[in-house]
$ cat protein.tsv   # TSV, N, CA and C atoms and all ligand atoms
chain	number	residue	atom	x	y	z
A	1	MET	N	145.76	62.31	87.01
A	1	MET	CA	145.25	61.55	88.17
A	1	MET	C	144.81	62.49	89.28
A	2	LEU	N	145.65	63.50	89.57
A	2	LEU	CA	145.33	64.46	90.63
A	2	LEU	C	144.04	65.21	90.30
A	3	ASN	N	143.85	65.49	89.01
A	3	ASN	CA	142.64	66.20	88.57
A	3	ASN	C	141.39	65.41	88.92
A	4	TRP	N	141.45	64.08	88.77
A	4	TRP	CA	140.30	63.23	89.06
A	4	TRP	C	139.98	63.26	90.55
A	5	VAL	N	141.06	63.24	91.39
A	5	VAL	CA	140.85	63.28	92.85
A	5	VAL	C	140.18	64.60	93.24
A	6	LEU	N	140.70	65.70	92.69
A	6	LEU	CA	140.14	67.03	92.99
A	6	LEU	C	138.67	67.10	92.56
A	7	LEU	N	138.41	66.52	91.38
A	7	LEU	CA	137.03	66.53	90.87
A	7	LEU	C	136.11	65.74	91.79
A	8	ALA	N	136.61	64.61	92.29
A	8	ALA	CA	135.81	63.77	93.19
A	8	ALA	C	135.50	64.53	94.48
A	9	ILE	N	136.54	65.21	95.03
A	9	ILE	CA	136.35	65.99	96.27
A	9	ILE	C	135.35	67.13	96.02
A	10	PHE	N	135.49	67.77	94.86
A	10	PHE	CA	134.61	68.88	94.50
A	10	PHE	C	133.15	68.42	94.44
A	11	LEU	N	132.94	67.28	93.77
A	11	LEU	CA	131.58	66.76	93.64
A	11	LEU	C	131.02	66.38	95.01
A	12	LEU	N	131.89	65.83	95.87
A	12	LEU	CA	131.46	65.46	97.22
A	12	LEU	C	131.00	66.69	97.99
A	13	CYS	N	131.79	67.79	97.87
A	13	CYS	CA	131.44	69.04	98.56
A	13	CYS	C	130.10	69.57	98.05
A	14	VAL	N	129.92	69.54	96.71
A	14	VAL	CA	128.68	70.04	96.13
A	14	VAL	C	127.50	69.22	96.65
A	15	GLY	N	127.68	67.90	96.69
A	15	GLY	CA	126.62	67.01	97.18
A	15	GLY	C	126.27	67.31	98.62
A	16	MET	N	127.31	67.49	99.46
A	16	MET	CA	127.10	67.76	100.89
A	16	MET	C	126.35	69.07	101.09
A	17	SER	N	126.79	70.14	100.38
A	17	SER	CA	126.14	71.44	100.55
A	17	SER	C	124.70	71.38	100.04
A	18	GLY	N	124.48	70.55	99.01
A	18	GLY	CA	123.12	70.38	98.50
A	18	GLY	C	122.21	69.80	99.57
A	19	VAL	N	122.71	68.78	100.27
A	19	VAL	CA	121.94	68.15	101.35
A	19	VAL	C	121.65	69.17	102.46
A	20	ILE	N	122.68	69.97	102.79
A	20	ILE	CA	122.53	70.98	103.86
A	20	ILE	C	121.47	72.01	103.45
A	21	ILE	N	121.52	72.45	102.19
A	21	ILE	CA	120.55	73.46	101.71
A	21	ILE	C	119.12	72.91	101.79
A	22	VAL	N	118.95	71.64	101.35
A	22	VAL	CA	117.62	71.03	101.40
A	22	VAL	C	117.14	70.95	102.85
A	23	TYR	N	118.07	70.57	103.76
A	23	TYR	CA	117.75	70.46	105.19
A	23	TYR	C	117.31	71.82	105.75
A	24	MET	N	118.08	72.88	105.39
A	24	MET	CA	117.76	74.23	105.85
A	24	MET	C	116.38	74.66	105.34
A	25	CYS	N	116.11	74.35	104.06
A	25	CYS	CA	114.82	74.71	103.47
A	25	CYS	C	113.67	74.03	104.22
A	26	LEU	N	113.85	72.75	104.52
A	26	LEU	CA	112.82	72.02	105.26
A	26	LEU	C	112.59	72.64	106.63
A	27	LEU	N	113.70	73.01	107.29
A	27	LEU	CA	113.63	73.63	108.62
A	27	LEU	C	112.89	74.95	108.55
A	28	TRP	N	113.24	75.77	107.54
A	28	TRP	CA	112.61	77.08	107.35
A	28	TRP	C	111.13	76.92	107.03
A	29	TYR	N	110.84	75.90	106.19
A	29	TYR	CA	109.46	75.65	105.78
A	29	TYR	C	108.59	75.27	106.97
A	30	SER	N	109.15	74.42	107.85
A	30	SER	CA	108.36	73.98	109.01
A	30	SER	C	108.14	75.12	110.00
A	31	THR	N	109.14	76.02	110.15
A	31	THR	CA	108.97	77.14	111.09
A	31	THR	C	107.97	78.15	110.55
A	32	THR	N	107.99	78.43	109.22
A	32	THR	CA	107.02	79.36	108.67
A	32	THR	C	105.62	78.78	108.71
A	33	LEU	N	105.50	77.47	108.53
A	33	LEU	CA	104.20	76.82	108.61
A	33	LEU	C	103.62	76.99	110.00
A	34	GLN	N	104.47	76.80	111.02
A	34	GLN	CA	104.01	76.92	112.40
A	34	GLN	C	103.55	78.35	112.71
A	35	SER	N	104.34	79.36	112.25
A	35	SER	CA	103.97	80.75	112.53
A	35	SER	C	102.69	81.13	111.78
A	36	ASN	N	102.48	80.52	110.60
A	36	ASN	CA	101.25	80.80	109.84
A	36	ASN	C	100.03	80.30	110.59
A	37	VAL	N	100.18	79.22	111.33
A	37	VAL	CA	99.05	78.67	112.08
A	37	VAL	C	98.74	79.58	113.27
A	38	VAL	N	99.76	80.17	113.87
A	38	VAL	CA	99.57	80.99	115.07
A	38	VAL	C	99.00	82.36	114.71
A	39	LEU	N	99.47	82.96	113.59
A	39	LEU	CA	99.13	84.34	113.25
A	39	LEU	C	97.64	84.66	113.18
A	40	PRO	N	96.80	83.89	112.45
A	40	PRO	CA	95.38	84.28	112.32
A	40	PRO	C	94.66	84.40	113.65
A	41	VAL	N	95.07	83.64	114.65
A	41	VAL	CA	94.41	83.67	115.96
A	41	VAL	C	94.60	85.04	116.60
A	42	THR	N	95.83	85.59	116.53
A	42	THR	CA	96.10	86.88	117.16
A	42	THR	C	95.47	88.02	116.37
A	43	SER	N	95.43	87.92	115.02
A	43	SER	CA	94.92	89.03	114.23
A	43	SER	C	93.39	89.12	114.32
A	44	THR	N	92.69	87.99	114.45
A	44	THR	CA	91.23	88.06	114.51
A	44	THR	C	90.76	88.62	115.85
A	45	SER	N	91.52	88.37	116.93
A	45	SER	CA	91.08	88.87	118.24
A	45	SER	C	91.27	90.39	118.33
A	46	GLU	N	92.18	90.97	117.52
A	46	GLU	CA	92.43	92.40	117.56
A	46	GLU	C	91.88	93.08	116.32
A	47	LYS	N	90.77	92.57	115.76
A	47	LYS	CA	90.22	93.11	114.54
A	47	LYS	C	89.53	94.44	114.82
A	48	GLY	N	89.75	95.42	113.96
A	48	GLY	CA	89.13	96.72	114.12
A	48	GLY	C	87.71	96.73	113.57
A	49	LEU	N	87.09	97.91	113.61
A	49	LEU	CA	85.70	98.03	113.14
A	49	LEU	C	85.66	98.28	111.64
A	50	SER	N	84.59	97.82	111.01
A	50	SER	CA	84.39	98.11	109.59
A	50	SER	C	83.78	99.51	109.46
A	51	SER	N	83.79	100.06	108.25
A	51	SER	CA	83.28	101.43	108.06
A	51	SER	C	81.79	101.51	108.37
A	52	SER	N	81.02	100.42	108.12
A	52	SER	CA	79.59	100.45	108.43
A	52	SER	C	79.37	100.47	109.94
A	53	GLU	N	80.26	99.78	110.67
A	53	GLU	CA	80.14	99.81	112.14
A	53	GLU	C	80.53	101.19	112.67
A	54	LEU	N	81.54	101.81	112.04
A	54	LEU	CA	81.95	103.15	112.47
A	54	LEU	C	80.82	104.15	112.29
A	55	ASP	N	80.03	103.97	111.22
A	55	ASP	CA	78.92	104.89	110.94
A	55	ASP	C	77.86	104.85	112.03
A	56	LYS	N	77.78	103.74	112.77
A	56	LYS	CA	76.74	103.61	113.80
A	56	LYS	C	77.13	104.28	115.11
A	57	LEU	N	78.37	104.70	115.25
A	57	LEU	CA	78.81	105.32	116.49
A	57	LEU	C	78.22	106.73	116.60
A	58	PRO	N	77.90	107.17	117.81
A	58	PRO	CA	77.31	108.50	117.98
A	58	PRO	C	78.23	109.61	117.50
A	59	LYS	N	77.62	110.58	116.79
A	59	LYS	CA	78.38	111.69	116.22
A	59	LYS	C	77.81	112.99	116.77
A	60	ILE	N	78.66	113.85	117.30
A	60	ILE	CA	78.18	115.11	117.85
A	60	ILE	C	79.07	116.25	117.39
A	61	ALA	N	78.62	117.47	117.63
A	61	ALA	CA	79.44	118.64	117.31
A	61	ALA	C	80.33	118.98	118.51
A	62	GLY	N	81.45	119.65	118.23
A	62	GLY	CA	82.40	119.97	119.29
A	62	GLY	C	81.78	120.79	120.41
A	63	LYS	N	80.80	121.64	120.09
A	63	LYS	CA	80.20	122.51	121.12
A	63	LYS	C	79.33	121.73	122.09
A	64	GLU	N	78.93	120.49	121.71
A	64	GLU	CA	78.09	119.68	122.60
A	64	GLU	C	78.91	118.91	123.64
A	65	LEU	N	80.23	118.98	123.52
A	65	LEU	CA	81.09	118.21	124.43
A	65	LEU	C	81.02	118.77	125.84
A	66	VAL	N	80.91	117.87	126.82
A	66	VAL	CA	80.87	118.30	128.22
A	66	VAL	C	82.06	117.75	129.01
A	67	MET	N	82.62	116.60	128.56
A	67	MET	CA	83.69	115.95	129.32
A	67	MET	C	85.08	116.33	128.81
A	68	GLY	N	85.34	117.61	128.58
A	68	GLY	CA	86.65	118.00	128.07
A	68	GLY	C	86.66	117.98	126.56
A	69	THR	N	87.43	118.88	125.96
A	69	THR	CA	87.38	119.04	124.51
A	69	THR	C	88.72	118.71	123.86
A	70	GLU	N	89.58	117.96	124.56
A	70	GLU	CA	90.87	117.61	123.94
A	70	GLU	C	90.80	116.20	123.35
A	71	CYS	N	91.24	116.08	122.09
A	71	CYS	CA	91.29	114.78	121.44
A	71	CYS	C	92.57	114.08	121.87
A	72	ALA	N	92.44	112.91	122.54
A	72	ALA	CA	93.60	112.22	123.10
A	72	ALA	C	94.45	111.56	122.03
A	73	ILE	N	93.97	111.51	120.79
A	73	ILE	CA	94.74	110.84	119.73
A	73	ILE	C	95.75	111.82	119.12
A	74	CYS	N	95.30	113.01	118.72
A	74	CYS	CA	96.21	113.98	118.11
A	74	CYS	C	96.60	115.06	119.12
A	75	LEU	N	96.06	114.99	120.35
A	75	LEU	CA	96.35	115.94	121.44
A	75	LEU	C	96.00	117.37	121.05
A	76	ASP	N	95.04	117.51	120.16
A	76	ASP	CA	94.60	118.82	119.71
A	76	ASP	C	93.21	119.10	120.28
A	77	GLU	N	92.86	120.35	120.34
A	77	GLU	CA	91.54	120.76	120.82
A	77	GLU	C	90.48	120.42	119.79
A	78	ILE	N	89.32	119.93	120.24
A	78	ILE	CA	88.19	119.74	119.33
A	78	ILE	C	87.42	121.05	119.31
A	79	GLU	N	87.49	121.74	118.18
A	79	GLU	CA	86.85	123.05	118.07
A	79	GLU	C	85.33	122.90	118.09
A	80	LYS	N	84.67	124.04	118.45
A	80	LYS	CA	83.21	124.02	118.58
A	80	LYS	C	82.50	123.56	117.30
A	81	GLU	N	83.05	123.98	116.14
A	81	GLU	CA	82.37	123.65	114.88
A	81	GLU	C	82.86	122.33	114.28
A	82	GLN	N	83.85	121.70	114.93
A	82	GLN	CA	84.37	120.44	114.39
A	82	GLN	C	83.50	119.27	114.79
A	83	PRO	N	83.28	118.31	113.88
A	83	PRO	CA	82.51	117.13	114.25
A	83	PRO	C	83.35	116.20	115.13
A	84	ALA	N	82.72	115.63	116.14
A	84	ALA	CA	83.42	114.72	117.05
A	84	ALA	C	82.64	113.41	117.14
A	85	ARG	N	83.28	112.39	117.65
A	85	ARG	CA	82.61	111.10	117.78
A	85	ARG	C	82.80	110.60	119.20
A	86	LEU	N	81.71	110.06	119.78
A	86	LEU	CA	81.75	109.54	121.14
A	86	LEU	C	81.98	108.03	121.10
A	87	VAL	N	82.80	107.53	122.02
A	87	VAL	CA	82.96	106.09	122.15
A	87	VAL	C	81.83	105.59	123.04
A	88	PRO	N	80.98	104.68	122.52
A	88	PRO	CA	79.86	104.20	123.34
A	88	PRO	C	80.37	103.48	124.58
A	89	GLY	N	79.71	103.73	125.72
A	89	GLY	CA	80.14	103.08	126.96
A	89	GLY	C	80.84	104.08	127.85
A	90	CYS	N	82.06	104.52	127.44
A	90	CYS	CA	82.81	105.44	128.29
A	90	CYS	C	82.57	106.90	127.91
A	91	ASN	N	81.96	107.15	126.71
A	91	ASN	CA	81.61	108.50	126.25
A	91	ASN	C	82.80	109.43	126.13
A	92	HIS	N	83.98	108.90	125.83
A	92	HIS	CA	85.12	109.75	125.52
A	92	HIS	C	84.97	110.25	124.09
A	93	ALA	N	85.35	111.52	123.84
A	93	ALA	CA	85.14	112.13	122.53
A	93	ALA	C	86.46	112.37	121.82
A	94	PHE	N	86.46	112.19	120.51
A	94	PHE	CA	87.65	112.40	119.67
A	94	PHE	C	87.21	112.99	118.35
A	95	HIS	N	88.17	113.58	117.61
A	95	HIS	CA	87.88	114.00	116.23
A	95	HIS	C	87.40	112.78	115.45
A	96	ILE	N	86.49	112.99	114.51
A	96	ILE	CA	85.94	111.88	113.73
A	96	ILE	C	87.05	111.16	112.96
A	97	GLU	N	87.94	111.92	112.30
A	97	GLU	CA	88.99	111.28	111.49
A	97	GLU	C	89.94	110.51	112.40
A	98	CYS	N	90.25	111.07	113.58
A	98	CYS	CA	91.19	110.42	114.49
A	98	CYS	C	90.63	109.10	115.00
A	99	ILE	N	89.38	109.12	115.48
A	99	ILE	CA	88.81	107.91	116.08
A	99	ILE	C	88.49	106.87	115.01
A	100	ASN	N	88.13	107.30	113.80
A	100	ASN	CA	87.86	106.33	112.73
A	100	ASN	C	89.12	105.55	112.38
A	101	THR	N	90.25	106.27	112.25
A	101	THR	CA	91.51	105.61	111.92
A	101	THR	C	91.90	104.64	113.03
A	102	TRP	N	91.71	105.08	114.28
A	102	TRP	CA	92.08	104.24	115.41
A	102	TRP	C	91.19	103.00	115.49
A	103	LEU	N	89.87	103.20	115.42
A	103	LEU	CA	88.94	102.09	115.62
A	103	LEU	C	88.97	101.09	114.46
A	104	SER	N	89.41	101.52	113.28
A	104	SER	CA	89.51	100.57	112.18
A	104	SER	C	90.67	99.60	112.41
A	105	LYS	N	91.53	99.92	113.40
A	105	LYS	CA	92.64	99.02	113.72
A	105	LYS	C	92.46	98.35	115.07
A	106	HIS	N	91.90	99.09	116.06
A	106	HIS	CA	91.74	98.54	117.41
A	106	HIS	C	90.31	98.77	117.88
A	107	PRO	N	89.60	97.73	118.32
A	107	PRO	CA	88.20	97.90	118.77
A	107	PRO	C	88.12	98.33	120.22
A	108	LEU	N	88.86	99.34	120.63
A	108	LEU	CA	88.79	99.81	122.02
A	108	LEU	C	89.04	101.31	122.09
A	109	CYS	N	88.63	101.91	123.23
A	109	CYS	CA	88.80	103.35	123.41
A	109	CYS	C	90.28	103.67	123.59
A	110	PRO	N	90.85	104.60	122.79
A	110	PRO	CA	92.28	104.91	122.90
A	110	PRO	C	92.65	105.59	124.22
A	111	LEU	N	91.66	106.11	124.94
A	111	LEU	CA	91.96	106.83	126.17
A	111	LEU	C	91.92	105.90	127.39
A	112	CYS	N	90.82	105.19	127.57
A	112	CYS	CA	90.68	104.35	128.77
A	112	CYS	C	90.78	102.87	128.44
A	113	ARG	N	90.98	102.52	127.18
A	113	ARG	CA	91.17	101.13	126.75
A	113	ARG	C	89.93	100.27	126.98
A	114	ALA	N	88.76	100.89	127.14
A	114	ALA	CA	87.53	100.13	127.30
A	114	ALA	C	87.19	99.47	125.97
A	115	LYS	N	86.85	98.18	126.03
A	115	LYS	CA	86.50	97.45	124.80
A	115	LYS	C	85.14	97.90	124.32
A	116	LEU	N	85.00	98.04	122.99
A	116	LEU	CA	83.70	98.40	122.43
A	116	LEU	C	82.79	97.19	122.51
A	117	ASP	N	81.60	97.41	122.99
A	117	ASP	CA	80.64	96.32	123.15
A	117	ASP	C	80.09	95.90	121.80
A	118	PRO	N	80.31	94.64	121.38
A	118	PRO	CA	79.78	94.20	120.08
A	118	PRO	C	78.26	94.23	120.03
A	119	GLU	N	77.60	94.18	121.20
A	119	GLU	CA	76.14	94.23	121.25
A	119	GLU	C	75.60	95.58	120.77
A	120	PHE	N	76.45	96.63	120.92
A	120	PHE	CA	76.05	97.96	120.47
A	120	PHE	C	75.72	97.94	118.99
A	121	PHE	N	76.51	97.19	118.20
A	121	PHE	CA	76.32	97.15	116.76
A	121	PHE	C	75.20	96.19	116.37
A	122	SER	N	75.08	95.07	117.08
A	122	SER	CA	74.04	94.10	116.70
A	122	SER	C	72.66	94.62	117.08
A	123	SER	N	72.55	95.35	118.23
A	123	SER	CA	71.23	95.84	118.65
A	123	SER	C	70.77	96.99	117.76
A	124	SER	N	71.70	97.83	117.28
A	124	SER	CA	71.29	98.96	116.46
A	124	SER	C	70.92	98.53	115.05
A	125	GLN	N	71.18	97.25	114.72
A	125	GLN	CA	70.80	96.77	113.39
A	125	GLN	C	69.30	96.44	113.33
A	126	ASN	N	68.65	96.26	114.51
A	126	ASN	CA	67.24	95.94	114.52
A	126	ASN	C	66.44	97.13	114.02
A	127	PRO	N	65.40	96.91	113.19
A	127	PRO	CA	64.59	98.03	112.66
A	127	PRO	C	63.81	98.75	113.76
A	128	CYS	N	63.42	98.09	114.85
A	128	CYS	CA	62.68	98.75	115.90
A	128	CYS	C	63.64	99.28	116.94
A	201	ZN	ZN	92.17	114.36	116.96
A	202	ZN	ZN	87.15	105.84	126.94
$ encode --input "protein.tsv" --output "structure tokens"
Amino acid sequence: MLNWVLLAIFLLCVGMSGVIIVYMCLLWYSTTLQSNVVLPVTSTSEKGLSSSELDKLPKIAGKELVMGTECAICLDEIEKEQPARLVPGCNHAFHIECINTWLSKHPLCPLCRAKLDPEFFSSSQNPC
């Protein structure tokens, strides 16, 4: 007789925990759904440049630099024979590899935080 009572209590506990687990899953599901809706909005506004857009940025040699020769990304000197890239608008210069890596993640100047003008890329696409 006692065995039957224990079994009944055991089944009741299993049933209760089952309900709680389903409830937790629903709660977790609704919170992840909400965060999924929010995420794309923030990631699209901070989209970096594509490699074809990077190719359109002005490229110069280190010896042509006039506004200082230090790359603010790696804090290293841009040597005379090293290729450098200018950020259109503010004309800050960085190593090509440094600025390419940065701009593919953030569409702004790493030094002065000036936003890259999207018109720069659309206007240079015109054949004339
Ligand atoms: Zn650098
Ligand atoms: Zn700048």
$ residues_near_ligand --input "protein.tsv" --ligand "ligand ZN 201 (chain A)" --cutoff "5 Å" --atoms "all atoms listed in the file" --output "PyMOL selection string"
chain A and resi 71+73-74+95+98
$ residues_near_ligand --input "protein.tsv" --ligand "ligand ZN 202 (chain A)" --cutoff "7 Å" --atoms "only C-alpha atoms and all ligand atoms" --output "PyMOL selection string"
chain A and resi 87+90-92+109-114
$ write_last_selection --input "protein.tsv" --atoms "N, CA and C atoms" --output "JSON list (two decimals), keeping the file's coordinate frame"
[["chain", "number", "residue", "atom", "x", "y", "z"],
["A", 87, "VAL", "N", 82.80, 107.53, 122.02],
["A", 87, "VAL", "CA", 82.96, 106.09, 122.15],
["A", 87, "VAL", "C", 81.83, 105.59, 123.04],
["A", 90, "CYS", "N", 82.06, 104.52, 127.44],
["A", 90, "CYS", "CA", 82.81, 105.44, 128.29],
["A", 90, "CYS", "C", 82.57, 106.90, 127.91],
["A", 91, "ASN", "N", 81.96, 107.15, 126.71],
["A", 91, "ASN", "CA", 81.61, 108.50, 126.25],
["A", 91, "ASN", "C", 82.80, 109.43, 126.13],
["A", 92, "HIS", "N", 83.98, 108.90, 125.83],
["A", 92, "HIS", "CA", 85.12, 109.75, 125.52],
["A", 92, "HIS", "C", 84.97, 110.25, 124.09],
["A", 109, "CYS", "N", 88.63, 101.91, 123.23],
["A", 109, "CYS", "CA", 88.80, 103.35, 123.41],
["A", 109, "CYS", "C", 90.28, 103.67, 123.59],
["A", 110, "PRO", "N", 90.85, 104.60, 122.79],
["A", 110, "PRO", "CA", 92.28, 104.91, 122.90],
["A", 110, "PRO", "C", 92.65, 105.59, 124.22],
["A", 111, "LEU", "N", 91.66, 106.11, 124.94],
["A", 111, "LEU", "CA", 91.96, 106.83, 126.17],
["A", 111, "LEU", "C", 91.92, 105.90, 127.39],
["A", 112, "CYS", "N", 90.82, 105.19, 127.57],
["A", 112, "CYS", "CA", 90.68, 104.35, 128.77],
["A", 112, "CYS", "C", 90.78, 102.87, 128.44],
["A", 113, "ARG", "N", 90.98, 102.52, 127.18],
["A", 113, "ARG", "CA", 91.17, 101.13, 126.75],
["A", 113, "ARG", "C", 89.93, 100.27, 126.98],
["A", 114, "ALA", "N", 88.76, 100.89, 127.14],
["A", 114, "ALA", "CA", 87.53, 100.13, 127.30],
["A", 114, "ALA", "C", 87.19, 99.47, 125.97]]
$ select_by_dssp --input "protein.tsv" --residues "chain A" --states "strand (DSSP E or B)" --output "list in words"
Lys59, Ile60, Ala61, Glu70, Cys71, Asp76, Glu77, Pro83, Ala84, Arg85, Leu86, Ala93, Phe94, His95, Leu108 and Lys115 of chain A
$ atom_distance --input "protein.tsv" --atom1 "atom N of Glu79 of chain A" --atom2 "atom N of Lys105 of chain A"
22.7 Å
$ select_by_dssp --input "protein.tsv" --residues "chain A" --states "alpha helix (DSSP H)" --output "PyMOL selection string"
chain A and resi 2-45+51-55+96-103+118-123
$ atom_distance --input "protein.tsv" --atom1 "atom CA of Ile78 of chain A" --atom2 "atom CA of Gly62 of chain A"
5.8 Å
$ atom_distance --input "protein.tsv" --atom1 "atom C of Ile21 of chain A" --atom2 "atom CA of Leu2 of chain A"
29.7 Å
$ closest_residue --input "protein.tsv" --among "A:Leu26, A:Leu54, A:Val14, A:Ala61" --to "Glu81 of chain A" --atoms "all atoms listed in the file"
A:Ala61
$ closest_residue --input "protein.tsv" --among "A:Ser51, A:Ser30, A:Met67, A:Asp76" --to "Thr101 of chain A" --atoms "only C-alpha atoms"
A:Ser51
$ decode --input "protein.tsv" --residues "segment 104-124 of chain A" --atoms "N, CA and C atoms" --output "compact mmCIF listing (two decimals), in the first residue's frame"
# COMPACT_ATOMS: atom_id res chain seq x y z
N SER A 104 36.00 47.36 -42.51
CA SER A 104 35.11 46.25 -42.83
C SER A 104 34.19 45.96 -41.65
N LYS A 105 34.49 46.55 -40.48
CA LYS A 105 33.63 46.35 -39.31
C LYS A 105 32.89 47.63 -38.93
N HIS A 106 33.56 48.80 -39.07
CA HIS A 106 32.93 50.06 -38.68
C HIS A 106 33.07 51.07 -39.82
N PRO A 107 31.97 51.69 -40.28
CA PRO A 107 32.06 52.65 -41.39
C PRO A 107 32.41 54.05 -40.91
N LEU A 108 33.43 54.19 -40.08
CA LEU A 108 33.83 55.53 -39.62
C LEU A 108 35.34 55.59 -39.40
N CYS A 109 35.86 56.84 -39.34
CA CYS A 109 37.30 57.03 -39.15
C CYS A 109 37.68 56.63 -37.73
N PRO A 110 38.67 55.74 -37.54
CA PRO A 110 39.04 55.31 -36.19
C PRO A 110 39.67 56.42 -35.35
N LEU A 111 40.11 57.49 -35.99
CA LEU A 111 40.78 58.56 -35.25
C LEU A 111 39.79 59.63 -34.79
N CYS A 112 39.02 60.19 -35.71
CA CYS A 112 38.12 61.28 -35.35
C CYS A 112 36.66 60.85 -35.35
N ARG A 113 36.38 59.58 -35.65
CA ARG A 113 35.03 59.03 -35.61
C ARG A 113 34.10 59.67 -36.65
N ALA A 114 34.66 60.31 -37.67
CA ALA A 114 33.83 60.89 -38.72
C ALA A 114 33.22 59.76 -39.54
N LYS A 115 31.91 59.86 -39.79
CA LYS A 115 31.23 58.82 -40.58
C LYS A 115 31.64 58.94 -42.03
N LEU A 116 31.84 57.78 -42.68
CA LEU A 116 32.16 57.79 -44.10
C LEU A 116 30.91 58.14 -44.89
N ASP A 117 31.05 59.06 -45.80
CA ASP A 117 29.91 59.52 -46.59
C ASP A 117 29.53 58.46 -47.61
N PRO A 118 28.30 57.91 -47.54
CA PRO A 118 27.91 56.89 -48.53
C PRO A 118 27.87 57.44 -49.95
N GLU A 119 27.73 58.77 -50.10
CA GLU A 119 27.71 59.39 -51.43
C GLU A 119 29.06 59.24 -52.14
N PHE A 120 30.13 59.12 -51.33
CA PHE A 120 31.46 58.94 -51.91
C PHE A 120 31.50 57.71 -52.78
N PHE A 121 30.83 56.63 -52.35
CA PHE A 121 30.85 55.37 -53.08
C PHE A 121 29.86 55.40 -54.25
N SER A 122 28.70 56.02 -54.05
CA SER A 122 27.70 56.02 -55.13
C SER A 122 28.14 56.93 -56.27
N SER A 123 28.80 58.08 -55.94
CA SER A 123 29.20 59.01 -57.00
C SER A 123 30.37 58.45 -57.79
N SER A 124 31.28 57.70 -57.14
CA SER A 124 32.43 57.18 -57.88
C SER A 124 32.06 56.00 -58.76
